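The file structure_36.cif comes next; it holds mmCIF, C-alpha atoms and all ligand atoms.
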data_model
loop_
_atom_site.label_atom_id
_atom_site.label_comp_id
_atom_site.auth_asym_id
_atom_site.auth_seq_id
_atom_site.Cartn_x
_atom_site.Cartn_y
_atom_site.Cartn_z
CA MET A 1 -86.96 26.11 44.90
CA ASP A 2 -87.66 28.44 47.83
CA ARG A 3 -86.03 26.57 50.66
CA ARG A 4 -85.30 27.00 54.32
CA GLU A 5 -82.82 24.13 54.50
CA PRO A 6 -79.18 24.83 53.53
CA LEU A 7 -78.42 24.35 49.86
CA ARG A 8 -76.56 21.06 49.33
CA VAL A 9 -73.69 21.70 46.95
CA ALA A 10 -71.46 19.35 44.93
CA VAL A 11 -68.08 20.93 44.17
CA ILE A 12 -66.46 19.57 40.99
CA GLY A 13 -62.68 19.92 41.03
CA THR A 14 -60.70 20.17 44.25
CA GLY A 15 -57.60 21.95 42.94
CA ARG A 16 -56.66 25.45 44.07
CA MET A 17 -60.00 27.20 43.33
CA GLY A 18 -62.20 24.19 44.12
CA ALA A 19 -60.61 23.61 47.53
CA ASP A 20 -60.89 27.34 48.27
CA HIS A 21 -64.62 27.26 47.38
CA VAL A 22 -65.17 24.18 49.59
CA ARG A 23 -63.57 26.09 52.49
CA ARG A 24 -65.64 29.18 51.62
CA ILE A 25 -68.98 27.30 51.59
CA ASP A 26 -68.03 25.42 54.75
CA ARG A 27 -66.86 28.44 56.76
CA ALA A 28 -67.67 31.82 55.15
CA VAL A 29 -70.97 31.52 53.31
CA SER A 30 -74.35 31.05 55.00
CA GLY A 31 -77.23 28.88 53.78
CA ALA A 32 -75.18 26.18 52.07
CA ARG A 33 -73.08 23.13 52.81
CA VAL A 34 -70.84 20.91 50.69
CA THR A 35 -72.30 17.40 50.45
CA ALA A 36 -70.10 16.01 47.65
CA VAL A 37 -66.73 16.74 46.08
CA VAL A 38 -65.41 15.39 42.79
CA ASP A 39 -61.89 15.11 41.44
CA ILE A 40 -60.23 12.82 38.90
CA ASP A 41 -57.61 12.38 41.61
CA ALA A 42 -59.54 10.18 44.11
CA GLY A 43 -57.01 10.79 46.90
CA ARG A 44 -57.34 14.55 46.58
CA ALA A 45 -61.18 14.34 46.61
CA GLU A 46 -61.10 12.10 49.69
CA ALA A 47 -58.68 14.41 51.53
CA VAL A 48 -60.95 17.42 50.91
CA ALA A 49 -64.14 15.47 51.79
CA ALA A 50 -62.56 14.28 55.04
CA GLY A 51 -62.41 17.91 56.24
CA VAL A 52 -66.16 18.54 55.80
CA ASP A 53 -68.95 16.91 57.86
CA GLY A 54 -71.22 14.64 55.81
CA CYS A 55 -69.33 15.15 52.54
CA THR A 56 -68.76 12.26 50.10
CA ALA A 57 -65.90 11.95 47.58
CA HIS A 58 -66.35 10.99 43.90
CA THR A 59 -64.28 10.79 40.72
CA ASP A 60 -67.15 11.23 38.23
CA PRO A 61 -69.23 14.48 38.18
CA ALA A 62 -72.32 12.70 36.82
CA ALA A 63 -72.21 10.16 39.69
CA ALA A 64 -72.02 12.95 42.28
CA MET A 65 -74.97 14.75 40.72
CA ALA A 66 -77.06 11.58 40.72
CA VAL A 67 -76.94 11.23 44.51
CA ALA A 68 -80.04 12.44 46.31
CA ASP A 69 -78.47 15.04 48.58
CA VAL A 70 -77.23 17.44 45.88
CA ASP A 71 -79.30 20.56 45.01
CA ALA A 72 -76.69 22.61 43.15
CA VAL A 73 -73.26 22.32 41.55
CA LEU A 74 -70.13 24.47 41.71
CA ILE A 75 -67.76 23.66 38.82
CA ALA A 76 -64.11 24.48 39.48
CA SER A 77 -62.37 21.79 37.44
CA SER A 78 -60.10 22.69 34.51
CA GLY A 79 -61.83 24.60 31.70
CA THR A 80 -61.68 21.67 29.29
CA ALA A 81 -63.82 19.58 31.69
CA HIS A 82 -66.57 22.23 32.09
CA GLU A 83 -68.73 21.31 29.08
CA ALA A 84 -69.32 17.70 30.20
CA ALA A 85 -70.02 18.77 33.79
CA LEU A 86 -72.44 21.49 32.65
CA ILE A 87 -74.33 19.06 30.40
CA ALA A 88 -74.54 16.54 33.29
CA ALA A 89 -75.93 19.31 35.56
CA PHE A 90 -78.53 20.21 32.92
CA GLU A 91 -79.57 16.53 32.74
CA HIS A 92 -80.40 16.76 36.45
CA ASP A 93 -81.77 20.31 36.02
CA LEU A 94 -79.39 21.55 38.73
CA PRO A 95 -78.36 25.20 39.18
CA VAL A 96 -74.64 25.78 38.54
CA LEU A 97 -71.95 28.23 39.50
CA CYS A 98 -69.26 27.61 36.85
CA GLU A 99 -65.78 29.07 37.34
CA LYS A 100 -64.41 30.98 34.36
CA PRO A 101 -63.93 30.14 31.56
CA LEU A 102 -67.41 28.78 30.85
CA THR A 103 -65.63 26.59 28.28
CA PRO A 104 -62.29 27.09 26.47
CA ASP A 105 -63.69 28.09 23.05
CA ALA A 106 -66.72 29.62 21.39
CA ALA A 107 -67.97 26.40 19.72
CA SER A 108 -68.20 24.50 23.02
CA ALA A 109 -69.74 27.56 24.75
CA LEU A 110 -72.38 27.64 21.99
CA ARG A 111 -73.17 23.96 22.60
CA VAL A 112 -73.66 24.70 26.31
CA MET A 113 -75.88 27.67 25.46
CA GLU A 114 -77.97 25.48 23.14
CA ALA A 115 -78.33 22.81 25.83
CA GLU A 116 -79.48 25.42 28.37
CA GLN A 117 -81.98 26.82 25.88
CA ALA A 118 -83.32 23.30 25.34
CA LEU A 119 -84.02 23.17 29.09
CA GLY A 120 -86.11 26.30 28.60
CA HIS A 121 -84.72 28.20 31.59
CA ARG A 122 -81.39 29.59 32.74
CA ARG A 123 -79.35 27.44 35.08
CA VAL A 124 -75.82 28.95 35.01
CA GLN A 125 -73.98 31.71 36.80
CA VAL A 126 -70.41 32.16 35.47
CA GLY A 127 -67.63 32.91 37.96
CA PHE A 128 -66.56 36.34 36.75
CA MET A 129 -65.88 37.40 40.33
CA ARG A 130 -64.80 40.96 39.56
CA ARG A 131 -68.50 41.84 39.19
CA TYR A 132 -68.71 41.30 42.99
CA ASP A 133 -65.54 43.22 43.95
CA THR A 134 -66.43 46.32 46.01
CA GLU A 135 -64.28 48.64 43.89
CA TYR A 136 -65.63 47.34 40.56
CA VAL A 137 -69.20 47.52 41.91
CA ARG A 138 -68.64 51.20 42.86
CA LEU A 139 -67.18 52.00 39.47
CA LYS A 140 -70.13 50.38 37.70
CA ALA A 141 -72.60 52.27 39.93
CA LEU A 142 -70.83 55.57 39.19
CA LEU A 143 -70.92 54.96 35.44
CA GLU A 144 -74.62 54.13 35.68
CA THR A 145 -75.41 57.50 37.27
CA GLY A 146 -74.22 59.12 34.02
CA ARG A 147 -72.41 61.84 36.04
CA LEU A 148 -69.14 61.29 34.19
CA GLY A 149 -70.82 61.27 30.79
CA ARG A 150 -70.16 58.81 27.98
CA PRO A 151 -67.22 56.39 28.49
CA LEU A 152 -64.56 56.81 25.81
CA MET A 153 -61.74 54.56 27.00
CA LEU A 154 -61.01 51.98 29.67
CA HIS A 155 -57.37 51.36 30.63
CA ASN A 156 -56.72 48.06 32.43
CA ARG A 157 -53.59 46.68 34.04
CA HIS A 158 -53.49 43.02 35.07
CA ARG A 159 -50.28 41.73 36.64
CA ASN A 160 -49.44 38.39 38.25
CA VAL A 161 -46.29 37.62 40.24
CA ALA A 162 -45.44 34.52 38.16
CA SER A 163 -47.27 32.27 35.71
CA ALA A 164 -47.91 28.58 36.28
CA PRO A 165 -45.45 26.22 34.50
CA PHE A 166 -48.13 25.11 32.01
CA PHE A 167 -49.00 28.69 30.95
CA THR A 168 -48.86 29.38 27.19
CA SER A 169 -48.84 32.70 25.31
CA ALA A 170 -52.48 32.10 24.31
CA MET A 171 -53.43 31.58 27.97
CA LEU A 172 -52.48 35.18 28.75
CA ILE A 173 -55.61 35.93 26.70
CA THR A 174 -57.92 32.97 27.48
CA ASP A 175 -57.09 32.62 31.18
CA SER A 176 -56.13 36.15 32.25
CA VAL A 177 -57.47 38.82 29.83
CA ALA A 178 -60.78 36.90 29.91
CA HIS A 179 -61.48 38.87 33.11
CA GLU A 180 -60.97 42.26 31.40
CA VAL A 181 -63.10 41.05 28.49
CA ASP A 182 -65.97 40.46 30.91
CA ALA A 183 -65.25 43.61 32.95
CA THR A 184 -65.27 45.73 29.77
CA ARG A 185 -68.60 44.27 28.58
CA TRP A 186 -70.15 44.64 32.04
CA LEU A 187 -68.82 48.12 32.97
CA LEU A 188 -69.59 49.70 29.61
CA GLY A 189 -72.65 47.62 28.68
CA HIS A 190 -71.15 47.13 25.19
CA GLU A 191 -70.26 44.03 23.17
CA ILE A 192 -66.64 43.72 21.99
CA THR A 193 -66.35 43.77 18.21
CA ALA A 194 -62.61 43.48 17.44
CA VAL A 195 -59.31 42.61 19.12
CA THR A 196 -55.70 43.63 18.39
CA VAL A 197 -52.74 42.22 20.34
CA LEU A 198 -49.33 43.93 20.41
CA ARG A 199 -46.30 42.46 22.11
CA PRO A 200 -43.10 44.08 23.28
CA THR A 201 -39.87 42.07 23.52
CA PRO A 202 -40.72 39.57 26.29
CA SER A 203 -39.57 40.28 29.82
CA ALA A 204 -36.32 38.57 30.87
CA GLY A 205 -38.36 37.42 33.89
CA ALA A 206 -40.77 35.40 31.72
CA PRO A 207 -40.17 31.70 30.95
CA GLU A 208 -38.41 31.06 27.61
CA GLY A 209 -40.85 31.33 24.69
CA LEU A 210 -43.70 32.99 26.61
CA ALA A 211 -45.00 36.21 25.00
CA ASP A 212 -45.24 38.14 28.27
CA PRO A 213 -46.28 40.95 28.59
CA GLN A 214 -48.90 41.66 25.93
CA PHE A 215 -50.93 44.77 25.12
CA VAL A 216 -54.49 44.01 24.06
CA VAL A 217 -56.88 46.52 22.48
CA LEU A 218 -60.60 45.77 22.52
CA GLU A 219 -63.05 47.77 20.36
CA THR A 220 -66.70 47.93 21.39
CA ASP A 221 -70.00 48.37 19.59
CA GLY A 222 -70.57 51.50 21.68
CA GLY A 223 -67.55 53.18 20.09
CA ALA A 224 -65.27 52.80 23.13
CA LEU A 225 -61.74 51.38 23.36
CA SER A 226 -60.53 49.18 26.21
CA ASP A 227 -56.82 48.40 26.50
CA VAL A 228 -55.27 45.73 28.70
CA GLU A 229 -51.67 45.41 29.82
CA ILE A 230 -51.36 41.74 30.76
CA PHE A 231 -48.08 40.84 32.47
CA VAL A 232 -48.12 37.48 34.22
CA ASN A 233 -44.49 37.40 35.40
CA CYS A 234 -44.09 40.91 36.80
CA GLY A 235 -42.39 39.44 39.86
CA PHE A 236 -43.56 41.94 42.45
CA GLY A 237 -47.26 41.46 43.12
CA TYR A 238 -50.81 40.79 41.99
CA GLN A 239 -52.26 44.02 40.60
CA VAL A 240 -55.55 44.65 38.86
CA GLN A 241 -56.29 48.27 38.04
CA ALA A 242 -58.83 50.02 35.84
CA GLU A 243 -59.38 53.62 34.81
CA VAL A 244 -62.40 54.77 32.83
CA VAL A 245 -62.03 57.95 30.83
CA CYS A 246 -65.39 59.58 30.12
CA GLU A 247 -66.45 62.80 28.39
CA GLY A 248 -66.91 64.49 31.77
CA GLY A 249 -64.14 63.00 33.91
CA THR A 250 -62.26 59.84 34.88
CA ALA A 251 -62.58 57.20 37.57
CA ARG A 252 -59.93 54.75 38.70
CA ILE A 253 -59.84 51.65 40.90
CA GLY A 254 -57.28 49.11 42.09
CA ASP A 255 -54.56 51.31 43.53
CA GLY A 256 -54.59 49.34 46.78
CA HIS A 257 -54.58 52.40 49.01
CA ALA A 258 -56.57 50.73 51.79
CA LEU A 259 -53.60 50.94 54.20
CA VAL A 260 -50.81 53.46 53.71
CA THR A 261 -47.87 53.58 56.10
CA HIS A 262 -45.26 56.33 56.63
CA THR A 263 -42.10 55.20 58.38
CA ALA A 264 -38.32 55.58 58.34
CA GLY A 265 -38.18 57.93 55.35
CA HIS A 266 -40.61 55.90 53.24
CA TRP A 267 -44.34 55.76 52.62
CA GLY A 268 -46.34 52.97 51.07
CA GLY A 269 -48.35 49.82 51.55
CA THR A 270 -48.33 46.14 50.67
CA ILE A 271 -49.29 44.49 47.37
CA ALA A 272 -51.39 41.30 47.26
CA GLN A 273 -49.55 38.26 45.92
CA ASP A 274 -52.37 36.40 44.18
CA TRP A 275 -56.01 36.56 43.20
CA THR A 276 -57.34 34.56 46.14
CA GLU A 277 -55.98 37.38 48.34
CA ARG A 278 -56.88 40.39 46.13
CA PHE A 279 -60.36 39.12 45.32
CA ALA A 280 -61.20 37.28 48.59
CA GLN A 281 -64.16 39.59 49.31
CA ALA A 282 -65.39 39.29 45.71
CA TYR A 283 -65.31 35.46 45.83
CA ASP A 284 -67.16 35.42 49.16
CA ASP A 285 -69.85 37.79 47.87
CA GLU A 286 -70.10 35.95 44.54
CA VAL A 287 -70.72 32.55 46.15
CA GLN A 288 -73.08 34.06 48.75
CA ALA A 289 -75.08 35.77 45.97
CA TRP A 290 -75.30 32.46 44.09
CA VAL A 291 -76.44 30.55 47.18
CA ASP A 292 -79.05 33.20 48.06
CA ALA A 293 -80.40 33.41 44.51
CA THR A 294 -80.51 29.63 44.15
CA ARG A 295 -82.44 29.27 47.41
CA ARG A 296 -84.94 31.82 46.11
CA GLY A 297 -85.19 29.79 42.87
CA GLU A 298 -83.47 32.49 40.79
CA ILE A 299 -80.41 32.74 38.55
CA THR A 300 -78.53 36.05 38.81
CA GLY A 301 -75.12 37.47 37.82
CA PRO A 302 -73.16 36.77 34.64
CA GLY A 303 -74.69 33.90 32.69
CA THR A 304 -74.07 31.57 29.78
CA TRP A 305 -74.33 34.40 27.21
CA ASP A 306 -71.55 36.27 29.05
CA GLY A 307 -69.42 33.11 29.16
CA TYR A 308 -69.98 32.56 25.42
CA ALA A 309 -69.23 36.21 24.52
CA ALA A 310 -65.99 36.10 26.55
CA ALA A 311 -64.97 32.84 24.82
CA ALA A 312 -65.65 34.34 21.37
CA VAL A 313 -63.65 37.50 22.16
CA CYS A 314 -60.74 35.45 23.57
CA GLU A 315 -60.75 33.24 20.49
CA ALA A 316 -60.42 36.36 18.31
CA GLY A 317 -57.68 37.56 20.69
CA VAL A 318 -55.68 34.36 20.29
CA ARG A 319 -55.95 34.69 16.50
CA ALA A 320 -54.80 38.32 16.72
CA LEU A 321 -51.86 37.22 18.88
CA GLU A 322 -50.85 34.45 16.50
CA GLN A 323 -51.39 36.12 13.11
CA GLY A 324 -51.04 39.81 14.04
CA GLY A 325 -53.38 42.61 13.04
CA ARG A 326 -56.97 43.31 14.00
CA VAL A 327 -59.39 40.37 14.28
CA GLU A 328 -63.15 40.88 14.33
CA VAL A 329 -65.28 39.02 16.86
CA ASP A 330 -67.91 36.71 15.47
CA LEU A 331 -70.94 36.55 17.83
CA VAL A 332 -74.21 34.73 17.12
CA GLU A 333 -77.41 36.70 17.66
CA LYS A 334 -78.29 36.86 21.37
CA PRO A 335 -80.97 34.21 22.08
CA ALA A 336 -84.22 35.34 23.70
CA LEU A 337 -83.43 33.45 26.93
CA TYR A 338 -80.57 35.87 27.65
CA ARG A 339 -82.16 39.19 26.63
C1 LIG B 401 -56.15 32.89 36.80
O1 LIG B 401 -56.76 31.76 36.23
C2 LIG B 401 -57.19 33.84 37.25
O2 LIG B 401 -58.36 33.70 37.01
C3 LIG B 401 -56.65 35.08 37.87
O3 LIG B 401 -57.68 35.94 38.28
C4 LIG B 401 -55.76 35.79 36.85
O4 LIG B 401 -55.19 36.93 37.43
C5 LIG B 401 -54.66 34.85 36.36
O5 LIG B 401 -53.90 35.53 35.38
C6 LIG B 401 -55.26 33.58 35.80
O6 LIG B 401 -54.21 32.70 35.41
#
Reformat the file's structure so that it appears as structure tokens.
Amino acid sequence: MDRREPLRVAVIGTGRMGADHVRRIDRAVSGARVTAVVDIDAGRAEAVAAGVDGCTAHTDPAAAMAVADVDAVLIASSGTAHEAALIAAFEHDLPVLCEKPLTPDAASALRVMEAEQALGHRRVQVGFMRRYDTEYVRLKALLETGRLGRPLMLHNRHRNVASAPFFTSAMLITDSVAHEVDATRWLLGHEITAVTVLRPTPSAGAPEGLADPQFVVLETDGGALSDVEIFVNCGFGYQVQAEVVCEGGTARIGDGHALVTHTAGHWGGTIAQDWTERFAQAYDDEVQAWVDATRRGEITGPGTWDGYAAAAVCEAGVRALEQGGRVEVDLVEKPALYR
């Protein structure tokens, strides 16, 4: 598909991320328009569709994909609904940008990977948006020059102001640390082989029963260690920081020093309050890259293999959280389509 016309996109799920992506495609991204939105809540779908010229509202993803004016699909529904939507997109051979997680567990991610292989070509970009964040992109480029030497350790901090009411202790891994799982694999170019999860006494600021914060240690097949402090009720801001320690030096991102003020005996800056603010540029660039690649007839960025690998590592992480100790990651051999 090498097309001059704007890409006609169906957005599945019009919750927080889906509605933000509809706005993004409508106002920030070039070369695409939203022609259909889908939500199990018909009223919500209709309200979002009403704000976009020529957009129809649906409650069934397969019905939206069957209409003639859809060329591509953006899936932003809850993770448990992704598998069915992905399979429906494959049935129509439509390119997909699927928000993370690809699916909630390794078995369902494997089924999606098998269905894509049966198509014979890649169709999916997974929404690991940090790969499009300017600071992460710079860090990756620096590591690729080899100037710092071999990476030994990656230290990550991931803090949210407050968790959603439905958040469980396992979701700190599957919903939040999933980003560091992908960032570790991408920055270092290694697969993750084992996970250990340690937990301090929970913060008094965390809801009753939630194991928050957690300290996660990822081991890689390249002999590196990546640790993640995940703290989803830190109360003060949305912070994502990473420091790579290499044989010849270190590199660090995420300190938020873009604007520093000095006034009245204090110096400092502001801290973002959520991911749509901290990663706004990354989301814009991610969706633009997807639209551009799709119009050229290409699939770029993190794919189904990356979504599967993240799901397998998170599954091991949840086991490590629940049973304690070190849990090895069980990955199938990488299929030829993804090599
Ligand atoms: C959320 O789903 C995200 O993807 C955010 O980036 C992350 O910071 C948050 O912890 C998750 O719940």
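Among the candidates A:Lys334, A:Asp26, A:Val232, A:Ala118, the one nearest to Pro207 of chain A when counting all atoms listed in the file is A:Val232.
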Distance table requested - chain A against ligand LIG 401 (chain B), cut-off 10 Å, only C-alpha atoms and all ligand atoms: one row per qualifying residue with the closest atom pair and its distance in Å to one decimal, ordered by chain and rising residue number, as a Markdown table.
| residue | atom | partner | partner_atom | distance |
| --- | --- | --- | --- | --- |
| A:Met17 | CA | B:LIG401 | O1 | 9.0 |
| A:Ser78 | CA | B:LIG401 | O1 | 9.8 |
| A:Gly79 | CA | B:LIG401 | O1 | 9.9 |
| A:Glu99 | CA | B:LIG401 | O2 | 8.8 |
| A:Lys100 | CA | B:LIG401 | O2 | 7.1 |
| A:Pro101 | CA | B:LIG401 | O2 | 8.6 |
| A:Gly127 | CA | B:LIG401 | O2 | 9.4 |
| A:Phe128 | CA | B:LIG401 | O2 | 8.6 |
| A:Met129 | CA | B:LIG401 | O3 | 8.6 |
| A:Arg130 | CA | B:LIG401 | O3 | 8.8 |
| A:His158 | CA | B:LIG401 | O4 | 6.7 |
| A:Arg159 | CA | B:LIG401 | O4 | 6.9 |
| A:Asn160 | CA | B:LIG401 | O4 | 6.0 |
| A:Val161 | CA | B:LIG401 | O5 | 9.3 |
| A:Ala162 | CA | B:LIG401 | O5 | 9.0 |
| A:Ser163 | CA | B:LIG401 | O6 | 7.0 |
| A:Ala164 | CA | B:LIG401 | O6 | 7.6 |
| A:Phe167 | CA | B:LIG401 | O6 | 7.9 |
| A:Met171 | CA | B:LIG401 | O6 | 7.6 |
| A:Leu172 | CA | B:LIG401 | O5 | 6.8 |
| A:Ile173 | CA | B:LIG401 | O5 | 8.9 |
| A:Thr174 | CA | B:LIG401 | C6 | 8.8 |
| A:Asp175 | CA | B:LIG401 | C6 | 5.1 |
| A:Ser176 | CA | B:LIG401 | O5 | 3.9 |
| A:Val177 | CA | B:LIG401 | O5 | 7.4 |
| A:Ala178 | CA | B:LIG401 | O2 | 8.2 |
| A:His179 | CA | B:LIG401 | O3 | 7.1 |
| A:Glu180 | CA | B:LIG401 | O3 | 9.9 |
| A:Ile230 | CA | B:LIG401 | O5 | 8.1 |
| A:Phe231 | CA | B:LIG401 | O5 | 8.4 |
| A:Val232 | CA | B:LIG401 | O5 | 6.2 |
| A:Asn233 | CA | B:LIG401 | O5 | 9.6 |
| A:Tyr238 | CA | B:LIG401 | O4 | 7.4 |
| A:Gln239 | CA | B:LIG401 | O4 | 8.3 |
| A:Val240 | CA | B:LIG401 | O4 | 7.9 |
| A:Asp274 | CA | B:LIG401 | O4 | 7.3 |
| A:Trp275 | CA | B:LIG401 | O3 | 5.2 |
| A:Thr276 | CA | B:LIG401 | O3 | 8.0 |
| A:Arg278 | CA | B:LIG401 | O3 | 9.1 |
| A:Phe279 | CA | B:LIG401 | O3 | 8.2 |
Selected residue of minimal separation from Asp69 of chain A among A:Glu333, A:Glu243, A:Glu229, A:Glu5, counting only C-alpha atoms: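 Of all the options, A:Glu5 lies closest to Asp69 of chain A.
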Ala170 of chain A proximity check over A:Gly268, A:Tyr338, A:Asp284, A:Gly209, using all atoms listed in the file: winner is A:Gly209
Pick out the closest residue to Leu139 of chain A from this set: A:Ser30, A:Thr59, A:Gln117, A:Thr250. Count only C-alpha atoms.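 Of the candidates, the smallest distance to Leu139 of chain A is held by A:Thr250.
Taking atom CA of Ile12 of chain A and atom CA of Val73 of chain A as the two end points, the separation is 7.4 Å.
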A:Gly237, A:Gly265, A:Gly43, A:Pro61 ranked by distance to Val11 of chain A, top pick (using all atoms listed in the file):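 Ranked by minimum distance to Val11 of chain A, first place goes to A:Pro61.
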Which polymer residues have any atom within 8 Å of an atom of Gly269 of chain A, counting only C-alpha atoms, with same-chain residues fewer than 3 positions away left out, as a PyMOL selection string? chain A and resi 256-257+259-261
Selection file, C-alpha atoms, as a compact mmCIF listing (two decimals), in the frame of the given file:
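So the final result, stored in result-v6.txt, reads:
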# COMPACT_ATOMS: atom_id res chain seq x y z
CA GLY A 256 -54.59 49.34 46.78
CA HIS A 257 -54.58 52.40 49.01
CA LEU A 259 -53.60 50.94 54.20
CA VAL A 260 -50.81 53.46 53.71
CA THR A 261 -47.87 53.58 56.10
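Our summary of the geometry notes that atom CA of Pro6 of chain A is positioned 10.8 Å from atom CA of Val70 of chain A.
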For Thr300 of chain A, list every protein, DNA or RNA residue within 8 Å, evaluated using all atoms listed in the file, and leave out those in the same chain fewer than 2 positions away; present the list as number ranges by chain. A: 125, 289-290, 293, 298, 302-303
Near Val29 of chain A, counting only C-alpha atoms, which residues have an atom at most 10 Å away, once you skip same-chain residues fewer than 6 positions from it, shown as a PDB file with C-alpha atoms, in the frame of the given file?
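Now in out.pdb:
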ATOM      1  CA  HIS A  21     -64.620  27.260  47.380  1.00  0.00           C
ATOM      2  CA  ARG A  23     -63.570  26.090  52.490  1.00  0.00           C
ATOM      3  CA  ASP A 284     -67.160  35.420  49.160  1.00  0.00           C
ATOM      4  CA  ASP A 285     -69.850  37.790  47.870  1.00  0.00           C
ATOM      5  CA  GLU A 286     -70.100  35.950  44.540  1.00  0.00           C
ATOM      6  CA  VAL A 287     -70.720  32.550  46.150  1.00  0.00           C
ATOM      7  CA  GLN A 288     -73.080  34.060  48.750  1.00  0.00           C
ATOM      8  CA  ALA A 289     -75.080  35.770  45.970  1.00  0.00           C
ATOM      9  CA  VAL A 291     -76.440  30.550  47.180  1.00  0.00           C
ATOM     10  CA  ASP A 292     -79.050  33.200  48.060  1.00  0.00           C
TER      11      ASP A 292
END
Choose the residue, out of A:Ala10, A:Val22, A:Leu94, A:Ala115, that has the smallest atom-to-atom separation from Val38 of chain A; count all atoms listed in the file.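 Nearest candidate to Val38 of chain A out of A:Ala10, A:Val22, A:Leu94, A:Ala115: A:Ala10.
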For Leu110 of chain A, find every residue with an atom within 10 Å (counting all atoms listed in the file), except residues of its own chain fewer than 6 positions away, and show them as a list in words.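 Within the cut-off, the hits are Thr103, Glu116, Thr304, Trp305, Gly307, Tyr308, Ala309, Ala311, Ala312, Leu331 and Val332 of chain A.
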Could you please take those selected residues and save C-alpha atoms as a tab-separated table (two decimals), keeping the file's coordinate frame?
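Result file follows (selection-v1.tsv):
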chain	number	residue	atom	x	y	z
A	103	THR	CA	-65.63	26.59	28.28
A	116	GLU	CA	-79.48	25.42	28.37
A	304	THR	CA	-74.07	31.57	29.78
A	305	TRP	CA	-74.33	34.40	27.21
A	307	GLY	CA	-69.42	33.11	29.16
A	308	TYR	CA	-69.98	32.56	25.42
A	309	ALA	CA	-69.23	36.21	24.52
A	311	ALA	CA	-64.97	32.84	24.82
A	312	ALA	CA	-65.65	34.34	21.37
A	331	LEU	CA	-70.94	36.55	17.83
A	332	VAL	CA	-74.21	34.73	17.12
Spatial neighbours of Phe90 of chain A, 10 Å, only C-alpha atoms, chain gap at least 2 places, as a PyMOL selection string: chain A and resi 84-88+92-96+112+115-116+118-119+122-124
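Across the model, the gap from atom CA of Val9 of chain A to atom CA of Val34 of chain A is 4.8 Å.
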Where's the centre, and what are the edge lengths in Å to one decimal, of a box along x, y and z enclosing all listed atoms of segment 322-339 of chain A padded 5 Å per side, as lines of an AutoDock Vina configuration file?
center_x = -67.5
center_y = 38.4
center_z = 20.3
size_x = 43.4
size_y = 19.9
size_z = 24.6
Listing only residues of segment 207-261 of chain A within 12 Å of segment 195-202 of chain A, what is the closest atom pair and its distance in Å (to one decimal) for each, using all atoms listed in the file, sorted by chain and residue number ascending, as JSON lines?
{"residue": "A:Pro207", "atom": "CA", "partner": "A:Pro202", "partner_atom": "CA", "distance": 9.2}
{"residue": "A:Glu208", "atom": "CA", "partner": "A:Pro202", "partner_atom": "CA", "distance": 8.9}
{"residue": "A:Gly209", "atom": "CA", "partner": "A:Pro202", "partner_atom": "CA", "distance": 8.4}
{"residue": "A:Leu210", "atom": "CA", "partner": "A:Pro202", "partner_atom": "CA", "distance": 7.2}
{"residue": "A:Ala211", "atom": "CA", "partner": "A:Pro202", "partner_atom": "CA", "distance": 5.6}
{"residue": "A:Asp212", "atom": "CA", "partner": "A:Pro202", "partner_atom": "CA", "distance": 5.1}
{"residue": "A:Pro213", "atom": "CA", "partner": "A:Pro202", "partner_atom": "CA", "distance": 6.2}
{"residue": "A:Gln214", "atom": "CA", "partner": "A:Arg199", "partner_atom": "CA", "distance": 4.7}
{"residue": "A:Phe215", "atom": "CA", "partner": "A:Leu198", "partner_atom": "CA", "distance": 5.0}
{"residue": "A:Val216", "atom": "CA", "partner": "A:Val197", "partner_atom": "CA", "distance": 4.5}
{"residue": "A:Val217", "atom": "CA", "partner": "A:Thr196", "partner_atom": "CA", "distance": 5.1}
{"residue": "A:Leu218", "atom": "CA", "partner": "A:Val195", "partner_atom": "CA", "distance": 4.8}
{"residue": "A:Glu219", "atom": "CA", "partner": "A:Val195", "partner_atom": "CA", "distance": 6.5}
{"residue": "A:Thr220", "atom": "CA", "partner": "A:Val195", "partner_atom": "CA", "distance": 9.4}
{"residue": "A:Leu225", "atom": "CA", "partner": "A:Val195", "partner_atom": "CA", "distance": 10.0}
{"residue": "A:Ser226", "atom": "CA", "partner": "A:Val195", "partner_atom": "CA", "distance": 9.7}
{"residue": "A:Asp227", "atom": "CA", "partner": "A:Thr196", "partner_atom": "CA", "distance": 9.5}
{"residue": "A:Val228", "atom": "CA", "partner": "A:Val197", "partner_atom": "CA", "distance": 9.4}
{"residue": "A:Glu229", "atom": "CA", "partner": "A:Leu198", "partner_atom": "CA", "distance": 9.8}
{"residue": "A:Ile230", "atom": "CA", "partner": "A:Arg199", "partner_atom": "CA", "distance": 10.0}
{"residue": "A:Phe231", "atom": "CA", "partner": "A:Pro202", "partner_atom": "CA", "distance": 9.7}
{"residue": "A:Val232", "atom": "CA", "partner": "A:Pro202", "partner_atom": "CA", "distance": 11.0}
{"residue": "A:Asn233", "atom": "CA", "partner": "A:Pro202", "partner_atom": "CA", "distance": 10.1}
{"residue": "A:Cys234", "atom": "CA", "partner": "A:Pro202", "partner_atom": "CA", "distance": 11.1}
